[in-house]
file model_1.cif (mmCIF, C-alpha atoms and all ligand atoms)
data_start
#
loop_
_atom_site.label_atom_id
_atom_site.label_comp_id
_atom_site.auth_asym_id
_atom_site.auth_seq_id
_atom_site.Cartn_x
_atom_site.Cartn_y
_atom_site.Cartn_z
CA MET V 1 42.14 -17.39 -37.40
CA LYS V 2 38.91 -17.87 -35.47
CA THR V 3 38.86 -14.20 -34.58
CA LEU V 4 39.58 -13.19 -38.18
CA LEU V 5 36.68 -15.29 -39.44
CA ASN V 6 34.48 -13.77 -36.79
CA LEU V 7 35.50 -10.25 -37.83
CA ILE V 8 34.80 -10.94 -41.49
CA LEU V 9 31.39 -12.30 -40.55
CA LEU V 10 30.72 -9.29 -38.35
CA PHE V 11 31.37 -6.85 -41.19
CA SER V 12 29.52 -8.78 -43.84
CA ILE V 13 26.49 -9.36 -41.62
CA SER V 14 26.20 -5.80 -40.37
CA ALA V 15 26.61 -4.45 -43.88
CA PHE V 16 23.76 -6.47 -45.36
CA ALA V 17 21.32 -7.42 -42.70
CA ARG V 18 19.27 -5.57 -40.13
CA GLY V 19 18.40 -7.87 -37.33
CA GLY V 20 15.84 -8.14 -34.54
CA ASP V 21 15.42 -5.18 -32.23
CA ILE V 22 16.10 -6.63 -28.81
CA ASN V 23 14.09 -3.83 -27.19
CA ASN V 24 10.87 -5.13 -28.71
CA LEU V 25 11.28 -8.62 -27.31
CA ALA V 26 10.16 -9.99 -23.96
CA LEU V 27 7.89 -7.05 -23.19
CA THR V 28 6.53 -9.20 -20.38
CA PRO V 29 8.75 -11.70 -18.53
CA PRO V 30 9.50 -14.72 -20.77
CA MET V 31 7.65 -17.92 -19.87
CA GLY V 32 8.67 -21.42 -20.86
CA TRP V 33 10.47 -24.57 -19.84
CA ASN V 34 14.19 -25.36 -19.54
CA SER V 35 15.83 -28.78 -19.29
CA TRP V 36 18.55 -28.02 -16.72
CA ASN V 37 16.95 -28.16 -13.26
CA LYS V 38 15.49 -31.64 -13.73
CA PHE V 39 17.53 -33.31 -16.47
CA GLY V 40 21.00 -31.73 -16.36
CA CYS V 41 23.07 -33.17 -19.22
CA ASN V 42 20.54 -35.87 -19.98
CA VAL V 43 18.95 -34.07 -22.94
CA SER V 44 17.78 -35.58 -26.23
CA GLU V 45 15.43 -35.00 -29.12
CA GLU V 46 12.98 -37.46 -27.62
CA LEU V 47 12.98 -35.69 -24.25
CA ILE V 48 12.55 -32.20 -25.70
CA MET V 49 9.81 -33.22 -28.14
CA GLY V 50 7.98 -35.14 -25.44
CA MET V 51 8.20 -32.13 -23.16
CA ALA V 52 6.93 -29.77 -25.85
CA ASP V 53 3.94 -32.07 -26.42
CA ALA V 54 3.30 -32.19 -22.67
CA ILE V 55 3.46 -28.40 -22.40
CA VAL V 56 0.56 -28.21 -24.83
CA LYS V 57 -1.33 -31.17 -23.38
CA ALA V 58 -1.08 -30.08 -19.75
CA GLY V 59 -2.49 -26.63 -20.51
CA MET V 60 0.86 -24.95 -19.87
CA ALA V 61 0.94 -23.42 -23.37
CA LYS V 62 -2.52 -21.97 -22.80
CA ALA V 63 -1.34 -20.56 -19.48
CA GLY V 64 1.43 -18.68 -21.31
CA TYR V 65 4.47 -21.00 -21.32
CA GLU V 66 6.04 -20.50 -24.70
CA TYR V 67 9.81 -21.10 -24.93
CA VAL V 68 11.11 -24.68 -24.87
CA VAL V 69 14.81 -24.32 -24.04
CA ILE V 70 17.53 -27.00 -24.25
CA ASP V 71 20.19 -26.10 -21.72
CA ASP V 72 23.79 -27.38 -21.66
CA CYS V 73 25.08 -30.61 -23.28
CA TRP V 74 23.32 -30.63 -26.65
CA GLN V 75 26.61 -29.71 -28.37
CA VAL V 76 29.67 -31.93 -28.88
CA GLY V 77 32.13 -30.12 -31.14
CA ARG V 78 32.71 -28.02 -34.24
CA ASP V 79 33.30 -29.10 -37.80
CA SER V 80 36.38 -28.03 -39.78
CA ALA V 81 34.62 -24.79 -40.77
CA GLY V 82 33.89 -24.01 -37.14
CA ASN V 83 30.16 -24.77 -37.25
CA ILE V 84 28.76 -25.96 -33.95
CA LEU V 85 27.73 -29.62 -33.96
CA ALA V 86 24.89 -31.15 -31.99
CA ASP V 87 25.26 -34.58 -30.42
CA ALA V 88 24.12 -36.78 -33.33
CA LYS V 89 23.22 -39.71 -31.09
CA ARG V 90 20.96 -37.67 -28.86
CA PHE V 91 19.61 -35.41 -31.60
CA PRO V 92 19.50 -37.81 -34.58
CA HIS V 93 17.50 -35.47 -36.85
CA GLY V 94 19.48 -32.35 -35.98
CA ILE V 95 18.45 -29.14 -34.29
CA LYS V 96 16.43 -27.62 -37.13
CA TYR V 97 14.14 -30.62 -37.15
CA LEU V 98 13.49 -30.12 -33.44
CA ALA V 99 12.92 -26.37 -33.83
CA ASP V 100 10.52 -26.99 -36.73
CA TYR V 101 8.58 -29.47 -34.64
CA ILE V 102 8.33 -27.10 -31.68
CA HIS V 103 7.15 -24.30 -33.98
CA SER V 104 4.62 -26.64 -35.61
CA ILE V 105 2.83 -27.10 -32.29
CA GLY V 106 2.74 -23.37 -31.60
CA LEU V 107 5.71 -23.01 -29.25
CA LYS V 108 9.08 -21.28 -29.51
CA PHE V 109 12.52 -22.81 -29.35
CA GLY V 110 15.49 -21.87 -27.18
CA ILE V 111 19.05 -23.05 -26.93
CA TYR V 112 22.09 -22.58 -24.66
CA SER V 113 25.69 -21.57 -25.13
CA CYS V 114 28.42 -19.81 -23.22
CA ALA V 115 30.49 -16.63 -23.54
CA GLY V 116 33.58 -18.62 -22.60
CA SER V 117 35.62 -21.10 -24.61
CA LYS V 118 33.66 -23.95 -23.03
CA THR V 119 30.23 -24.28 -21.45
CA CYS V 120 29.89 -25.08 -17.75
CA GLN V 121 29.75 -28.79 -18.64
CA GLY V 122 32.88 -28.52 -20.78
CA ARG V 123 31.13 -28.48 -24.17
CA PRO V 124 32.29 -26.04 -26.88
CA GLY V 125 31.46 -22.43 -25.98
CA SER V 126 30.91 -19.50 -28.33
CA ARG V 127 34.02 -17.44 -27.63
CA GLY V 128 35.47 -16.51 -31.03
CA TYR V 129 32.41 -17.92 -32.84
CA GLN V 130 29.69 -15.52 -31.74
CA PHE V 131 28.64 -14.34 -35.21
CA GLN V 132 28.94 -17.76 -36.76
CA ASP V 133 26.82 -19.25 -33.99
CA ALA V 134 24.21 -16.50 -34.25
CA MET V 135 23.84 -17.23 -37.97
CA GLN V 136 23.53 -20.92 -37.24
CA TYR V 137 20.89 -20.32 -34.57
CA ALA V 138 18.89 -18.13 -36.95
CA ALA V 139 19.11 -20.78 -39.67
CA TRP V 140 17.87 -23.42 -37.22
CA GLY V 141 14.97 -21.23 -36.07
CA VAL V 142 16.15 -20.42 -32.57
CA ASP V 143 13.97 -17.87 -30.72
CA TYR V 144 15.80 -17.65 -27.37
CA LEU V 145 19.44 -17.94 -26.34
CA LYS V 146 20.65 -18.50 -22.79
CA PHE V 147 24.32 -17.49 -22.63
CA ASP V 148 26.42 -18.70 -19.71
CA TRP V 149 29.66 -17.47 -18.13
CA CYS V 150 31.97 -20.46 -17.48
CA TYR V 151 35.55 -20.55 -18.84
CA ASP V 152 35.35 -16.78 -19.35
CA GLU V 153 39.16 -16.60 -19.37
CA GLY V 154 39.33 -13.09 -17.99
CA GLN V 155 36.94 -11.43 -20.44
CA LYS V 156 34.93 -8.46 -19.25
CA ALA V 157 31.33 -9.56 -18.90
CA GLU V 158 29.74 -6.44 -20.38
CA ALA V 159 31.94 -6.57 -23.49
CA ALA V 160 31.52 -10.32 -23.89
CA TYR V 161 27.73 -10.16 -23.69
CA LYS V 162 27.64 -7.13 -25.98
CA THR V 163 29.51 -9.07 -28.65
CA MET V 164 26.94 -11.87 -28.56
CA SER V 165 24.12 -9.35 -28.42
CA ASP V 166 25.49 -7.60 -31.52
CA ALA V 167 25.74 -10.97 -33.24
CA LEU V 168 22.11 -11.78 -32.43
CA LYS V 169 20.93 -8.33 -33.50
CA SER V 170 22.70 -8.77 -36.83
CA VAL V 171 20.77 -11.86 -37.90
CA LYS V 172 17.33 -11.60 -39.40
CA ARG V 173 15.50 -13.33 -36.60
CA PRO V 174 14.28 -11.98 -33.28
CA ILE V 175 16.11 -13.93 -30.57
CA VAL V 176 15.48 -13.24 -26.90
CA PHE V 177 18.86 -12.93 -25.17
CA SER V 178 19.22 -14.37 -21.67
CA ILE V 179 22.38 -13.25 -19.89
CA CYS V 180 23.54 -15.88 -17.40
CA GLU V 181 26.56 -14.52 -15.51
CA TRP V 182 25.03 -15.04 -12.06
CA GLY V 183 25.00 -11.37 -11.07
CA GLU V 184 28.79 -11.28 -10.62
CA SER V 185 29.43 -8.01 -12.43
CA LYS V 186 26.03 -6.48 -11.59
CA PRO V 187 24.49 -7.00 -15.06
CA TRP V 188 21.44 -4.96 -13.99
CA LEU V 189 23.72 -1.91 -14.38
CA TRP V 190 24.64 -2.67 -18.01
CA GLY V 191 22.29 -5.37 -19.29
CA LYS V 192 19.45 -3.20 -20.63
CA GLY V 193 19.73 -3.00 -24.41
CA ILE V 194 22.27 -5.86 -24.43
CA GLY V 195 20.01 -8.63 -23.16
CA ASN V 196 16.37 -9.15 -22.26
CA LEU V 197 17.02 -10.78 -18.90
CA TRP V 198 20.00 -11.31 -16.66
CA ARG V 199 20.58 -13.77 -13.86
CA THR V 200 20.99 -12.01 -10.53
CA THR V 201 22.31 -14.87 -8.40
CA ALA V 202 24.08 -18.22 -8.32
CA ASP V 203 22.10 -21.31 -9.38
CA ILE V 204 18.82 -22.07 -7.66
CA ARG V 205 18.53 -25.21 -5.53
CA ASP V 206 15.29 -27.05 -4.87
CA CYS V 207 15.00 -25.87 -1.27
CA TYR V 208 13.32 -23.05 0.60
CA ASN V 209 16.11 -21.83 2.84
CA CYS V 210 19.57 -23.17 2.06
CA LEU V 211 22.97 -21.93 0.98
CA PHE V 212 25.70 -24.10 -0.50
CA ASP V 213 29.32 -23.09 -0.14
CA TRP V 214 29.85 -23.76 -3.85
CA GLY V 215 27.23 -21.23 -4.82
CA GLY V 216 23.79 -22.82 -4.92
CA VAL V 217 20.99 -20.79 -3.32
CA GLY V 218 17.49 -21.53 -2.07
CA VAL V 219 14.29 -19.62 -2.77
CA LEU V 220 14.41 -17.37 0.29
CA ASN V 221 18.04 -16.40 -0.28
CA ILE V 222 17.34 -15.56 -3.91
CA ILE V 223 14.40 -13.36 -2.92
CA ASP V 224 16.64 -11.45 -0.50
CA LEU V 225 19.38 -11.07 -3.10
CA GLN V 226 17.00 -9.69 -5.70
CA ALA V 227 14.78 -7.55 -3.45
CA ASP V 228 16.62 -4.28 -3.98
CA LEU V 229 16.94 -4.58 -7.75
CA TYR V 230 13.35 -3.57 -8.55
CA LYS V 231 14.29 -0.36 -10.29
CA TYR V 232 16.24 -2.20 -13.00
CA ALA V 233 13.33 -4.36 -14.22
CA GLY V 234 10.92 -3.31 -16.94
CA PRO V 235 9.44 -4.35 -20.29
CA GLY V 236 12.17 -5.98 -22.38
CA HIS V 237 14.75 -6.15 -19.57
CA TRP V 238 14.20 -8.31 -16.50
CA ASN V 239 16.04 -9.41 -13.40
CA ASP V 240 16.25 -13.21 -13.57
CA PRO V 241 16.31 -15.01 -10.19
CA ASP V 242 16.77 -18.35 -12.06
CA MET V 243 14.39 -21.04 -13.20
CA LEU V 244 11.57 -22.65 -11.27
CA GLU V 245 11.97 -25.77 -9.12
CA ILE V 246 8.23 -26.34 -8.66
CA GLY V 247 7.45 -30.05 -8.99
CA ASN V 248 11.01 -31.28 -8.43
CA GLY V 249 10.27 -32.59 -4.95
CA GLY V 250 12.51 -30.62 -2.60
CA MET V 251 9.91 -28.26 -1.12
CA THR V 252 6.45 -28.45 0.41
CA SER V 253 3.38 -27.34 -1.46
CA ASP V 254 3.23 -24.10 0.58
CA GLU V 255 6.89 -23.42 -0.24
CA TYR V 256 6.34 -24.02 -3.96
CA LYS V 257 3.36 -21.62 -3.87
CA THR V 258 5.62 -19.05 -2.23
CA HIS V 259 8.26 -19.68 -4.92
CA PHE V 260 5.71 -19.13 -7.71
CA SER V 261 4.02 -16.16 -6.01
CA MET V 262 7.28 -14.35 -5.34
CA TRP V 263 8.73 -15.01 -8.81
CA SER V 264 5.50 -13.52 -10.16
CA MET V 265 5.67 -10.55 -7.79
CA MET V 266 9.29 -9.95 -8.83
CA ALA V 267 8.32 -9.94 -12.53
CA ALA V 268 10.74 -12.82 -12.99
CA PRO V 269 10.91 -15.00 -16.09
CA LEU V 270 8.78 -18.09 -15.40
CA MET V 271 10.80 -20.99 -16.78
CA ALA V 272 9.42 -24.26 -15.46
CA GLY V 273 12.15 -26.76 -14.59
CA ASN V 274 10.25 -29.96 -13.83
CA ASP V 275 9.12 -33.00 -15.81
CA ILE V 276 5.91 -31.68 -17.34
CA ARG V 277 5.15 -35.15 -18.78
CA ASN V 278 4.67 -36.62 -15.33
CA MET V 279 3.61 -33.79 -13.06
CA ASP V 280 0.90 -34.24 -10.45
CA LYS V 281 -2.22 -32.09 -10.24
CA GLU V 282 -0.87 -29.98 -7.41
CA THR V 283 2.22 -29.01 -9.43
CA ARG V 284 0.11 -28.27 -12.49
CA ASP V 285 -2.30 -26.14 -10.49
CA ILE V 286 0.59 -24.07 -9.16
CA LEU V 287 2.31 -23.62 -12.52
CA THR V 288 -0.91 -22.74 -14.35
CA ASN V 289 -2.47 -20.43 -11.74
CA ALA V 290 -3.89 -17.80 -14.10
CA ASP V 291 -4.45 -15.21 -11.34
CA VAL V 292 -0.81 -15.34 -10.27
CA ILE V 293 0.50 -15.46 -13.84
CA ALA V 294 -1.54 -12.35 -14.67
CA VAL V 295 0.41 -10.49 -11.97
CA ASN V 296 3.70 -11.71 -13.43
CA GLN V 297 2.69 -10.81 -16.98
CA ASP V 298 1.18 -7.42 -16.15
CA SER V 299 2.00 -4.94 -18.91
CA LEU V 300 3.38 -2.26 -16.54
CA GLY V 301 6.31 -4.60 -15.95
CA LYS V 302 7.10 -3.45 -12.40
CA GLN V 303 9.03 -5.62 -9.97
CA ALA V 304 7.49 -5.74 -6.50
CA ILE V 305 8.89 -3.72 -3.62
CA ARG V 306 9.29 -5.19 -0.14
CA PHE V 307 7.64 -2.32 1.69
CA MET V 308 7.33 -3.91 5.11
CA ASP V 309 9.96 -6.13 6.68
CA MET V 310 8.96 -7.29 10.12
CA GLY V 311 11.48 -10.11 10.44
CA ASP V 312 9.55 -13.31 9.84
CA HIS V 313 6.71 -11.38 8.23
CA GLU V 314 7.04 -9.35 5.05
CA ILE V 315 4.66 -7.44 2.80
CA TRP V 316 5.43 -6.92 -0.85
CA ALA V 317 3.57 -4.70 -3.35
CA LYS V 318 3.55 -4.74 -7.15
CA PRO V 319 1.69 -1.93 -8.96
CA LEU V 320 -0.33 -3.21 -11.91
CA ASN V 321 -1.91 -1.77 -15.00
CA ASN V 322 -5.30 -0.01 -14.59
CA GLY V 323 -4.46 1.33 -11.14
CA GLU V 324 -4.63 -2.12 -9.55
CA ILE V 325 -2.05 -3.60 -7.21
CA ALA V 326 -0.86 -7.05 -6.11
CA ILE V 327 0.13 -7.52 -2.48
CA CYS V 328 1.93 -10.56 -1.13
CA PHE V 329 2.08 -11.28 2.60
CA MET V 330 4.99 -13.66 3.05
CA ASN V 331 5.50 -15.70 6.21
CA ARG V 332 9.16 -16.73 6.49
CA GLY V 333 8.62 -18.05 10.00
CA GLU V 334 8.07 -21.53 11.38
CA THR V 335 4.67 -20.74 12.92
CA GLU V 336 1.36 -19.47 11.51
CA TRP V 337 1.00 -15.74 10.88
CA LYS V 338 -2.33 -14.65 12.33
CA LEU V 339 -2.81 -11.59 10.23
CA ASN V 340 -5.30 -8.86 11.04
CA TYR V 341 -4.58 -6.18 8.51
CA ASP V 342 -6.01 -2.67 8.68
CA TRP V 343 -5.86 -1.32 5.13
CA LEU V 344 -6.64 2.27 6.14
CA LYS V 345 -3.96 2.41 8.78
CA ASN V 346 -1.41 1.19 6.28
CA THR V 347 -2.61 3.49 3.55
CA MET V 348 0.62 5.49 3.40
CA TYR V 349 2.39 2.51 1.89
CA PHE V 350 0.06 2.49 -1.07
CA ALA V 351 -0.46 6.24 -1.37
CA ARG V 352 1.61 6.53 -4.52
CA ASP V 353 -0.09 3.67 -6.28
CA ILE V 354 -3.71 3.51 -5.16
CA ASN V 355 -6.00 5.67 -3.07
CA ILE V 356 -7.27 3.45 -0.31
CA ARG V 357 -8.78 6.25 1.78
CA LYS V 358 -10.96 7.63 -0.99
CA LYS V 359 -11.91 4.50 -2.88
CA GLU V 360 -12.99 1.02 -1.95
CA TYR V 361 -11.04 -1.88 -3.36
CA ALA V 362 -12.10 -5.51 -3.59
CA ILE V 363 -9.51 -8.02 -2.38
CA ARG V 364 -9.12 -11.12 -4.50
CA ASP V 365 -7.17 -14.03 -3.04
CA LEU V 366 -5.09 -15.32 -5.94
CA TRP V 367 -4.70 -18.86 -4.57
CA GLN V 368 -8.28 -19.34 -3.41
CA HIS V 369 -9.53 -17.56 -6.55
CA LYS V 370 -12.20 -15.61 -4.74
CA VAL V 371 -12.92 -12.20 -3.26
CA ILE V 372 -12.24 -12.25 0.47
CA GLY V 373 -13.36 -8.74 1.40
CA THR V 374 -12.79 -5.09 0.67
CA THR V 375 -10.32 -2.52 1.94
CA LYS V 376 -13.06 -1.00 4.11
CA GLN V 377 -12.75 -3.84 6.62
CA ASN V 378 -9.77 -5.34 8.36
CA MET V 379 -8.50 -8.48 6.69
CA SER V 380 -8.14 -11.49 8.98
CA GLN V 381 -6.26 -14.41 7.50
CA ILE V 382 -4.01 -17.20 8.70
CA ILE V 383 -0.86 -17.66 6.68
CA ALA V 384 0.95 -21.00 6.91
CA PRO V 385 4.63 -21.23 7.89
CA HIS V 386 6.73 -20.58 4.74
CA GLY V 387 3.46 -19.68 2.98
CA VAL V 388 1.96 -16.58 1.44
CA LEU V 389 -1.29 -14.74 1.09
CA MET V 390 -1.26 -13.18 -2.37
CA VAL V 391 -4.05 -10.78 -3.24
CA ARG V 392 -5.02 -8.37 -5.99
CA LEU V 393 -6.79 -5.11 -5.18
CA TYR V 394 -9.16 -3.59 -7.71
CA GLU V 395 -11.69 -0.79 -7.48
CA THR V 396 -15.30 -1.66 -6.78
CA LYS V 397 -17.72 0.57 -8.61
C1 LIG U 401 25.36 -22.77 -15.07
C2 LIG U 401 24.01 -22.06 -15.17
C3 LIG U 401 22.89 -23.08 -15.03
C4 LIG U 401 23.02 -24.14 -16.10
C5 LIG U 401 24.39 -24.80 -16.03
C6 LIG U 401 24.64 -25.72 -17.21
O1 LIG U 401 25.56 -23.30 -13.80
O2 LIG U 401 23.90 -21.06 -14.21
O3 LIG U 401 21.63 -22.45 -15.10
O4 LIG U 401 22.82 -23.55 -17.36
O5 LIG U 401 25.43 -23.81 -16.03
O6 LIG U 401 25.92 -26.27 -17.22
#
call {"tool": "encode", "arguments": {"input": "model_1.cif", "output": "structure tokens"}}
result
Amino acid sequence: MKTLLNLILLFSISAFARGGDINNLALTPPMGWNSWNKFGCNVSEELIMGMADAIVKAGMAKAGYEYVVIDDCWQVGRDSAGNILADAKRFPHGIKYLADYIHSIGLKFGIYSCAGSKTCQGRPGSRGYQFQDAMQYAAWGVDYLKFDWCYDEGQKAEAAYKTMSDALKSVKRPIVFSICEWGESKPWLWGKGIGNLWRTTADIRDCYNCLFDWGGVGVLNIIDLQADLYKYAGPGHWNDPDMLEIGNGGMTSDEYKTHFSMWSMMAAPLMAGNDIRNMDKETRDILTNADVIAVNQDSLGKQAIRFMDMGDHEIWAKPLNNGEIAICFMNRGETEWKLNYDWLKNTMYFARDINIRKKEYAIRDLWQHKVIGTTKQNMSQIIAPHGVLMVRLYETK
């Protein structure tokens, strides 16, 4: 019965409506905030509205954070016609009211569901209701859908995500589609054109270097898992190494800077996951670092390549628009990295992207926000344990 209703909806929608073109969405990595990392199931209208206000007030909106996404646990059931129902106690004015409010302050609204029969927290999933849910989301004013992979009941991921993608494309509202199947069936091989971003790993944990036997992964592990996937990222289709933990308390300031720098280098979606209403200055300064965000949001849409791996010391490069380049020196070790870098000697690594031998480039330190030299001289810097030196090279006239 469910499937029949879904089929009827599929035919009637595709016959009469032409929906959003997924390829024109998320041309740079999506930026926003998501409730999961900090609040888990403890979501409500009050929380989400307060967070949206804080995103504007803290300067996050100005810095580029746009999508306010409610993750799992907003939904409690379906009515007799199969329409998804929000928790009326926690969302007393309903979801449209919330979406309207978020739009009224200049932000966009995102929601969460699952390709399985239930979400990961056991709430109703979208299996069998994809087209009905897509119509509901469009009617509410949803701009972004994160779609999970619990209770998949043996479905094939590519087909399951394509069904929801078709449903979203059929409604008259552009909705960014975030595939969340944790990299299990290599979504980078099939996700382009189906979704705008796909998770590449298990869930992030608020730690620098940790692995949990039930699947949680720390920042360093995620970086290693995603390093080789650079060729699959580009405008409209991004590798997603999961949401940010900055400000949640489990890492040092240097480690959070590394987290933010490397997510930006990897052209990852930047979805803050902390309590924006109560963040300290240090957290805000990291999350709103315009120099680093500009690297993440660069219109070329390239994911960085790890071009030098010297054990504890790594060098990553991300070509940027206008022939510029971002370089991130990452110190994984427990002691300081006393770097003395000869740009000319290492020129071969950049040969394809910039011409260091012929031209002189200024080096801007993206955390100190100042020029620290040019490529004509060696660069001497001390990089803290678990820290980074992130620079942008641009031609001097
Ligand atoms: C999965 C996802 C998380 C989060 C939870 C919610 O674990 O990977 O990001 O959405 O489900 O239940």
call {"tool": "atom_distance", "arguments": {"input": "model_1.cif", "atom1": "atom CA of V:Ala202", "atom2": "atom CA of V:Met308"}}
result
25.8 Å
call {"tool": "closest_residue", "arguments": {"input": "model_1.cif", "among": "V:Gly59, V:Gly195, V:Gly250, V:Gly183", "to": "V:Ile222", "atoms": "all atoms listed in the file"}}
result
V:Gly183
call {"tool": "residues_around", "arguments": {"input": "model_1.cif", "residues": "V:Tyr144", "least_positions_apart": "5", "cutoff": "9 Å", "atoms": "only C-alpha atoms", "output": "list of chain:residue names"}}
result
V:Tyr67, V:Val68, V:Val69, V:Lys108, V:Phe109, V:Gly110, V:Ile111, V:Tyr112, V:Pro174, V:Ile175, V:Val176, V:Phe177, V:Ser178
call {"tool": "residues_near_ligand", "arguments": {"input": "model_1.cif", "ligand": "ligand LIG 401 (chain U)", "cutoff": "10 Å", "atoms": "only C-alpha atoms and all ligand atoms", "output": "ChimeraX atom specification"}}
result
/V:34-37,40-41,70-73,112-114,118-123,146-150,179-182,199,201-204,215-216,242-243
call {"tool": "closest_residue", "arguments": {"input": "model_1.cif", "among": "V:Gly273, V:Gly311, V:Gly32, V:Pro187", "to": "V:Ala63", "atoms": "only C-alpha atoms"}}
result
V:Gly32
call {"tool": "closest_residue", "arguments": {"input": "model_1.cif", "among": "V:Asn274, V:Thr200, V:Thr258, V:Thr288", "to": "V:Leu244", "atoms": "all atoms listed in the file"}}
result
V:Asn274
call {"tool": "closest_atom_pairs", "arguments": {"input": "model_1.cif", "of": "stretch 54-92 of chain V", "to": "stretch 20-31 of chain V", "cutoff": "8 Å", "atoms": "only C-alpha atoms", "output": "Markdown table"}}
result
| residue | atom | partner | partner_atom | distance |
| --- | --- | --- | --- | --- |
| V:Gly64 | CA | V:Met31 | CA | 6.4 |
| V:Tyr65 | CA | V:Met31 | CA | 4.7 |
| V:Glu66 | CA | V:Met31 | CA | 5.7 |
| V:Tyr67 | CA | V:Met31 | CA | 6.4 |
